[in-house]
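Student: Input structure: target.pdb, which contains PDB, C-alpha atoms and all ligand atoms.
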MODEL        1
ATOM      1  CA  MET K  25      76.788 102.796  78.748  1.00  0.00           C
ATOM      2  CA  ALA K  26      79.385 100.103  79.437  1.00  0.00           C
ATOM      3  CA  GLY K  27      83.015 100.931  78.882  1.00  0.00           C
ATOM      4  CA  THR K  28      86.422 100.516  80.445  1.00  0.00           C
ATOM      5  CA  ILE K  29      87.255 102.273  83.668  1.00  0.00           C
ATOM      6  CA  ALA K  30      90.930 102.553  84.629  1.00  0.00           C
ATOM      7  CA  PHE K  31      92.093 103.155  88.166  1.00  0.00           C
ATOM      8  CA  THR K  32      94.611 101.933  90.711  1.00  0.00           C
ATOM      9  CA  VAL K  33      93.780  99.410  93.415  1.00  0.00           C
ATOM     10  CA  ASN K  34      96.209  98.843  96.253  1.00  0.00           C
ATOM     11  CA  GLY K  35      99.015 100.279  94.162  1.00  0.00           C
ATOM     12  CA  GLU K  36      98.317  98.246  91.028  1.00  0.00           C
ATOM     13  CA  ALA K  37      96.837  99.682  87.849  1.00  0.00           C
ATOM     14  CA  CYS K  38      93.697  97.995  86.600  1.00  0.00           C
ATOM     15  CA  ALA K  39      91.112  98.489  83.897  1.00  0.00           C
ATOM     16  CA  VAL K  40      87.694  96.931  84.257  1.00  0.00           C
ATOM     17  CA  ALA K  41      84.793  96.659  81.887  1.00  0.00           C
ATOM     18  CA  GLY K  42      81.613  97.995  83.359  1.00  0.00           C
ATOM     19  CA  ASP K  43      78.902 100.582  83.408  1.00  0.00           C
ATOM     20  CA  PRO K  44      80.038 103.900  84.929  1.00  0.00           C
ATOM     21  CA  ASP K  45      76.976 103.709  87.184  1.00  0.00           C
ATOM     22  CA  ASP K  46      77.945 100.302  88.587  1.00  0.00           C
ATOM     23  CA  ALA K  47      78.855 100.361  92.263  1.00  0.00           C
ATOM     24  CA  LEU K  48      82.533 100.109  93.099  1.00  0.00           C
ATOM     25  CA  LEU K  49      81.757  97.433  95.696  1.00  0.00           C
ATOM     26  CA  GLY K  50      80.679  94.811  93.170  1.00  0.00           C
ATOM     27  CA  THR K  51      83.726  95.464  91.010  1.00  0.00           C
ATOM     28  CA  LEU K  52      86.071  95.107  93.954  1.00  0.00           C
ATOM     29  CA  ARG K  53      84.516  91.869  95.183  1.00  0.00           C
ATOM     30  CA  ASP K  54      83.304  90.132  92.058  1.00  0.00           C
ATOM     31  CA  THR K  55      85.614  91.371  89.301  1.00  0.00           C
ATOM     32  CA  LEU K  56      88.834  91.940  91.207  1.00  0.00           C
ATOM     33  CA  GLY K  57      88.334  89.288  93.890  1.00  0.00           C
ATOM     34  CA  LEU K  58      89.021  91.680  96.769  1.00  0.00           C
ATOM     35  CA  LYS K  59      86.614  90.147  99.253  1.00  0.00           C
ATOM     36  CA  SER K  60      87.575  92.124 102.365  1.00  0.00           C
ATOM     37  CA  THR K  61      85.169  94.906 101.434  1.00  0.00           C
ATOM     38  CA  ARG K  62      81.770  93.833 102.751  1.00  0.00           C
ATOM     39  CA  LEU K  63      78.200  94.475 101.724  1.00  0.00           C
ATOM     40  CA  GLY K  64      76.056  95.477 104.670  1.00  0.00           C
ATOM     41  CA  CYS K  65      73.148  97.802 104.002  1.00  0.00           C
ATOM     42  CA  GLY K  66      73.945  98.603 100.382  1.00  0.00           C
ATOM     43  CA  LEU K  67      72.614 102.095 101.015  1.00  0.00           C
ATOM     44  CA  GLY K  68      75.671 104.029 102.156  1.00  0.00           C
ATOM     45  CA  GLN K  69      74.534 103.959 105.776  1.00  0.00           C
ATOM     46  CA  CYS K  70      76.440 101.259 107.678  1.00  0.00           C
ATOM     47  CA  GLY K  71      80.069 101.714 106.601  1.00  0.00           C
ATOM     48  CA  ALA K  72      80.829  98.004 106.136  1.00  0.00           C
ATOM     49  CA  CYS K  73      82.022  98.701 102.598  1.00  0.00           C
ATOM     50  CA  THR K  74      84.352 101.604 103.442  1.00  0.00           C
ATOM     51  CA  VAL K  75      87.465 101.928 101.289  1.00  0.00           C
ATOM     52  CA  LEU K  76      89.886 104.771 100.649  1.00  0.00           C
ATOM     53  CA  LEU K  77      89.555 106.785  97.466  1.00  0.00           C
ATOM     54  CA  ASP K  78      92.664 108.930  97.114  1.00  0.00           C
ATOM     55  CA  ASP K  79      93.026 108.706 100.927  1.00  0.00           C
ATOM     56  CA  ARG K  80      89.407 109.761 101.559  1.00  0.00           C
ATOM     57  CA  ALA K  81      87.053 107.209 103.111  1.00  0.00           C
ATOM     58  CA  VAL K  82      84.050 106.425 100.918  1.00  0.00           C
ATOM     59  CA  THR K  83      81.355 103.787 100.968  1.00  0.00           C
ATOM     60  CA  ALA K  84      81.939 101.508  97.987  1.00  0.00           C
ATOM     61  CA  CYS K  85      78.303 100.391  97.756  1.00  0.00           C
ATOM     62  CA  ASP K  86      77.169 103.825  96.617  1.00  0.00           C
ATOM     63  CA  THR K  87      80.323 105.016  94.867  1.00  0.00           C
ATOM     64  CA  PRO K  88      79.919 104.644  91.105  1.00  0.00           C
ATOM     65  CA  LEU K  89      82.778 103.412  88.965  1.00  0.00           C
ATOM     66  CA  SER K  90      82.748 106.774  87.182  1.00  0.00           C
ATOM     67  CA  ALA K  91      83.967 108.370  90.428  1.00  0.00           C
ATOM     68  CA  VAL K  92      87.119 106.236  90.590  1.00  0.00           C
ATOM     69  CA  GLU K  93      88.404 106.752  87.038  1.00  0.00           C
ATOM     70  CA  GLY K  94      92.091 107.694  87.294  1.00  0.00           C
ATOM     71  CA  LYS K  95      92.082 107.551  91.085  1.00  0.00           C
ATOM     72  CA  GLN K  96      93.641 105.353  93.740  1.00  0.00           C
ATOM     73  CA  VAL K  97      91.481 102.909  95.671  1.00  0.00           C
ATOM     74  CA  THR K  98      92.791 101.216  98.797  1.00  0.00           C
ATOM     75  CA  THR K  99      91.011  98.249 100.334  1.00  0.00           C
ATOM     76  CA  LEU K 100      91.898  96.330 103.461  1.00  0.00           C
ATOM     77  CA  GLU K 101      94.077  94.047 101.303  1.00  0.00           C
ATOM     78  CA  GLY K 102      96.269  97.103 100.676  1.00  0.00           C
ATOM     79  CA  LEU K 103      96.439  98.301 104.260  1.00  0.00           C
ATOM     80  CA  GLY K 104      98.608  95.587 105.745  1.00  0.00           C
ATOM     81  CA  SER K 105      99.494  91.961 105.257  1.00  0.00           C
ATOM     82  CA  ARG K 106      99.647  88.799 107.320  1.00  0.00           C
ATOM     83  CA  ASP K 107     103.420  89.227 107.654  1.00  0.00           C
ATOM     84  CA  ALA K 108     103.349  92.980 108.112  1.00  0.00           C
ATOM     85  CA  PRO K 109     100.025  94.007 109.635  1.00  0.00           C
ATOM     86  CA  HIS K 110      99.103  97.663 109.905  1.00  0.00           C
ATOM     87  CA  PRO K 111      99.305  98.965 113.509  1.00  0.00           C
ATOM     88  CA  LEU K 112      95.508  99.260 113.458  1.00  0.00           C
ATOM     89  CA  GLN K 113      95.164  95.561 112.646  1.00  0.00           C
ATOM     90  CA  THR K 114      97.508  94.626 115.478  1.00  0.00           C
ATOM     91  CA  ALA K 115      95.620  96.866 117.886  1.00  0.00           C
ATOM     92  CA  PHE K 116      92.234  95.434 116.825  1.00  0.00           C
ATOM     93  CA  ILE K 117      93.540  91.954 117.638  1.00  0.00           C
ATOM     94  CA  ASP K 118      95.099  93.065 120.924  1.00  0.00           C
ATOM     95  CA  GLU K 119      91.874  94.770 122.035  1.00  0.00           C
ATOM     96  CA  GLN K 120      89.630  92.042 120.590  1.00  0.00           C
ATOM     97  CA  ALA K 121      87.834  94.806 118.738  1.00  0.00           C
ATOM     98  CA  LEU K 122      85.537  92.574 116.759  1.00  0.00           C
ATOM     99  CA  GLN K 123      82.908  89.948 117.279  1.00  0.00           C
ATOM    100  CA  CYS K 124      81.325  88.687 114.058  1.00  0.00           C
ATOM    101  CA  GLY K 125      83.820  90.744 112.037  1.00  0.00           C
ATOM    102  CA  TRP K 126      81.439  91.943 109.342  1.00  0.00           C
ATOM    103  CA  CYS K 127      82.054  95.620 110.051  1.00  0.00           C
ATOM    104  CA  THR K 128      85.774  95.254 110.757  1.00  0.00           C
ATOM    105  CA  SER K 129      87.290  96.009 107.358  1.00  0.00           C
ATOM    106  CA  GLY K 130      85.172  99.150 107.064  1.00  0.00           C
ATOM    107  CA  MET K 131      86.115 100.200 110.588  1.00  0.00           C
ATOM    108  CA  LEU K 132      89.797  99.691 109.823  1.00  0.00           C
ATOM    109  CA  MET K 133      89.646 101.708 106.623  1.00  0.00           C
ATOM    110  CA  ARG K 134      87.747 104.552 108.281  1.00  0.00           C
ATOM    111  CA  ALA K 135      90.259 104.534 111.145  1.00  0.00           C
ATOM    112  CA  ALA K 136      93.148 104.467 108.678  1.00  0.00           C
ATOM    113  CA  GLU K 137      91.788 107.600 107.040  1.00  0.00           C
ATOM    114  CA  LEU K 138      91.616 109.265 110.447  1.00  0.00           C
ATOM    115  CA  LEU K 139      95.192 108.360 111.384  1.00  0.00           C
ATOM    116  CA  ARG K 140      96.552 109.561 108.041  1.00  0.00           C
ATOM    117  CA  ARG K 141      94.880 112.905 108.595  1.00  0.00           C
ATOM    118  CA  GLU K 142      95.351 113.091 112.366  1.00  0.00           C
ATOM    119  CA  PRO K 143      98.053 110.703 113.694  1.00  0.00           C
ATOM    120  CA  HIS K 144      97.239 111.212 117.381  1.00  0.00           C
ATOM    121  CA  PRO K 145      93.498 111.820 117.750  1.00  0.00           C
ATOM    122  CA  ASP K 146      91.791 112.046 121.121  1.00  0.00           C
ATOM    123  CA  GLU K 147      88.868 109.794 122.008  1.00  0.00           C
ATOM    124  CA  ALA K 148      86.273 112.325 120.867  1.00  0.00           C
ATOM    125  CA  ALA K 149      87.927 112.568 117.450  1.00  0.00           C
ATOM    126  CA  VAL K 150      87.976 108.766 117.114  1.00  0.00           C
ATOM    127  CA  ARG K 151      84.301 108.498 118.032  1.00  0.00           C
ATOM    128  CA  GLN K 152      83.400 111.244 115.598  1.00  0.00           C
ATOM    129  CA  ALA K 153      85.402 109.663 112.778  1.00  0.00           C
ATOM    130  CA  LEU K 154      83.715 106.282 113.304  1.00  0.00           C
ATOM    131  CA  GLU K 155      80.183 107.555 113.831  1.00  0.00           C
ATOM    132  CA  ARG K 156      79.083 106.484 110.340  1.00  0.00           C
ATOM    133  CA  ASN K 157      80.397 102.919 110.813  1.00  0.00           C
ATOM    134  CA  LEU K 158      78.041 100.613 112.627  1.00  0.00           C
ATOM    135  CA  CYS K 159      78.879  97.484 114.625  1.00  0.00           C
ATOM    136  CA  ARG K 160      75.764  95.429 115.251  1.00  0.00           C
ATOM    137  CA  CYS K 161      77.607  93.286 117.813  1.00  0.00           C
ATOM    138  CA  GLY K 162      78.144  96.394 119.913  1.00  0.00           C
ATOM    139  CA  VAL K 163      81.925  96.376 120.348  1.00  0.00           C
ATOM    140  CA  HIS K 164      82.275 100.085 119.607  1.00  0.00           C
ATOM    141  CA  ASN K 165      84.118 100.781 122.858  1.00  0.00           C
ATOM    142  CA  ARG K 166      86.754  98.155 122.081  1.00  0.00           C
ATOM    143  CA  ILE K 167      87.108  99.535 118.563  1.00  0.00           C
ATOM    144  CA  VAL K 168      87.699 103.039 119.936  1.00  0.00           C
ATOM    145  CA  ARG K 169      90.292 101.650 122.373  1.00  0.00           C
ATOM    146  CA  ALA K 170      92.058  99.864 119.528  1.00  0.00           C
ATOM    147  CA  VAL K 171      92.253 102.997 117.383  1.00  0.00           C
ATOM    148  CA  LEU K 172      93.631 104.990 120.318  1.00  0.00           C
ATOM    149  CA  LYS K 173      96.179 102.219 120.980  1.00  0.00           C
ATOM    150  CA  ALA K 174      97.299 102.219 117.348  1.00  0.00           C
ATOM    151  CA  SER K 175      97.777 105.978 117.449  1.00  0.00           C
ATOM    152  CA  ALA K 176      99.698 106.125 120.737  1.00  0.00           C
TER     153      ALA K 176
HETATM  154 FE1  LIG Y   1      77.850 100.283 101.993  1.00  0.00          FE
HETATM  155 FE2  LIG Y   1      76.401  99.750 104.182  1.00  0.00          FE
HETATM  156  S1  LIG Y   1      77.097  98.394 102.639  1.00  0.00           S
HETATM  157  S2  LIG Y   1      77.360 101.612 103.641  1.00  0.00           S
ENDMDL
END
Could I get this file's structure written as structure tokens?
Tutor:
Amino acid sequence: MAGTIAFTVNGEACAVAGDPDDALLGTLRDTLGLKSTRLGCGLGQCGACTVLLDDRAVTACDTPLSAVEGKQVTTLEGLGSRDAPHPLQTAFIDEQALQCGWCTSGMLMRAAELLRREPHPDEAAVRQALERNLCRCGVHNRIVRAVLKASA
């Protein structure tokens, strides 16, 4: 049944009308205009839609609005800015860790979760953290290098 769901997005309180079973992804993109979070598979399998929910990486396409009530959501828009990019964003540019870019916001959010939990991961830890995020262009090695660079 539709209602109002209140939560915080990128540090700002919001309340949206919607069905508790609606996917967070559509609310972020279509209601709140936060377009960095991408739709890939829509099945929770590719990681393109990864955001942070209270500092835990989740896939927004299969996270219902009911799961975010009262919680903090962080999207790529809340990670860094054009004037003050997050170290991960700088490293992704330096290492050219993207091709088409569709997976990039999800990769960055998954990597951000890793670095919050483990500031200096080794390569195996980076690969393990990113194993649920797919890059169809095949730049995984550059992405891993970028995450390691950001954590150095
Ligand atoms: Fe959500 Fe693929 S679009 S995991």
Student: Hey, what comes out of the PyMOL selection byres (((not hetatm)) within 9 of (chain Y and resi 1)) on this file? Could you write it as a PyMOL selection string?
Tutor: chain K and resi 49+61-74+82-87+130+156-158
Student: Using all atoms listed in the file, can you list as a list of chain:residue names the residues within 10 Å of (89.2, 107.1, 100.0)?
Tutor: K:Thr74, K:Val75, K:Leu76, K:Leu77, K:Asp78, K:Asp79, K:Arg80, K:Ala81, K:Val82, K:Thr83, K:Ala84, K:Val92, K:Lys95, K:Gln96, K:Val97, K:Thr98, K:Thr99, K:Met133, K:Arg134, K:Ala136, K:Glu137
Student: On this structure, the PyMOL selection byres (((chain K and resi 145-153) around 8) and not hetatm) would catch which residues? List them as an MDAnalysis selection string, sorted by chain and number.
Tutor: chainID K and resid 134:135 138:139 142:144 154:156 168 171:172 175
Student: Which residues, named as in the file, does the PyMOL selection byres (((chain K and resi 28) around 10) and not hetatm) pick out? Answer as a ChimeraX atom specification.
Tutor: /K:26-27,29-31,38-44,89-90,93
Student: Would you write out those residues with C-alpha atoms, as a PDB file, in the coordinates of the input?
Tutor:
ATOM      1  CA  ALA K  26      79.385 100.103  79.437  1.00  0.00           C
ATOM      2  CA  GLY K  27      83.015 100.931  78.882  1.00  0.00           C
ATOM      3  CA  ILE K  29      87.255 102.273  83.668  1.00  0.00           C
ATOM      4  CA  ALA K  30      90.930 102.553  84.629  1.00  0.00           C
ATOM      5  CA  PHE K  31      92.093 103.155  88.166  1.00  0.00           C
ATOM      6  CA  CYS K  38      93.697  97.995  86.600  1.00  0.00           C
ATOM      7  CA  ALA K  39      91.112  98.489  83.897  1.00  0.00           C
ATOM      8  CA  VAL K  40      87.694  96.931  84.257  1.00  0.00           C
ATOM      9  CA  ALA K  41      84.793  96.659  81.887  1.00  0.00           C
ATOM     10  CA  GLY K  42      81.613  97.995  83.359  1.00  0.00           C
ATOM     11  CA  ASP K  43      78.902 100.582  83.408  1.00  0.00           C
ATOM     12  CA  PRO K  44      80.038 103.900  84.929  1.00  0.00           C
ATOM     13  CA  LEU K  89      82.778 103.412  88.965  1.00  0.00           C
ATOM     14  CA  SER K  90      82.748 106.774  87.182  1.00  0.00           C
ATOM     15  CA  GLU K  93      88.404 106.752  87.038  1.00  0.00           C
TER      16      GLU K  93
END
Student: If I take atom CA of K:Ser60 and atom CA of K:Leu103, how far is one from the other in Å, to one decimal?
Tutor: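 Distance between the two atoms: 11.0 Å.
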Student: For the atom pair atom CA of K:Gly102 and atom CA of K:Arg169, what is the interatomic distance in Å to one decimal place?
Tutor: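 Distance reported for this atom pair: 23.0 Å.
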Student: Between atom CA of K:Gly35 and atom CA of K:Leu52, measure the distance and give it in Å to one decimal.
Tutor: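 Computing the Euclidean distance for atom CA of K:Gly35 and atom CA of K:Leu52 yields 13.9 Å.
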Student: Report the centre and edge lengths, in Å to one decimal, of an axis-aligned box enclosing every atom of stretch 75-84 of chain K listed in the file, padded by 6 Å on each side, as AutoDock Vina command-line options.
Tutor:
--center_x 87.2 --center_y 105.6 --center_z 100.1 --size_x 23.7 --size_y 20.3 --size_z 18.0
Student: For K:Gln123, which residue among K:Gly162, K:Pro111, K:Gly57, K:Gly50 is the nearest when counting only C-alpha atoms?
Tutor: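 Nearest to K:Gln123: K:Gly162.
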Student: Name the closest residue to K:Leu132 among the candidates K:Ala37, K:Cys161, K:Leu48, K:Ala170; distances are taken between atoms, counting all atoms listed in the file.
Tutor: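 Checking each of K:Ala37, K:Cys161, K:Leu48, K:Ala170 against K:Leu132, counting all atoms listed in the file, the winner is K:Ala170.
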Student: Would you kindly return, as a CSV table (one decimal) with C-alpha atoms, in the frame of the given file, each protein, DNA or RNA residue with an atom no farther than 9 Å from any atom of K:Glu119, considering all atoms listed in the file and excluding same-chain residues fewer than 4 positions away?
Tutor:
chain,number,residue,atom,x,y,z
K,114,THR,CA,97.5,94.6,115.5
K,115,ALA,CA,95.6,96.9,117.9
K,166,ARG,CA,86.8,98.2,122.1
K,167,ILE,CA,87.1,99.5,118.6
K,169,ARG,CA,90.3,101.6,122.4
K,170,ALA,CA,92.1,99.9,119.5
K,173,LYS,CA,96.2,102.2,121.0
Student: Between K:Val33, K:Leu56, K:Met25, K:Ala174, which residue has the minimum interatomic distance to K:Asp118, considering all atoms listed in the file?
Tutor: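 For K:Asp118, the nearest of the given residues is K:Ala174.
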Student: Neighbouring residues of K:Pro88 were defined as those with any atom within 6 Å, considering all atoms listed in the file; residues of the same chain fewer than 6 positions away were excluded. Please report them as a list in words.
Tutor: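 Those residues are Asp45, Asp46, Ala47 and Leu48 of chain K.
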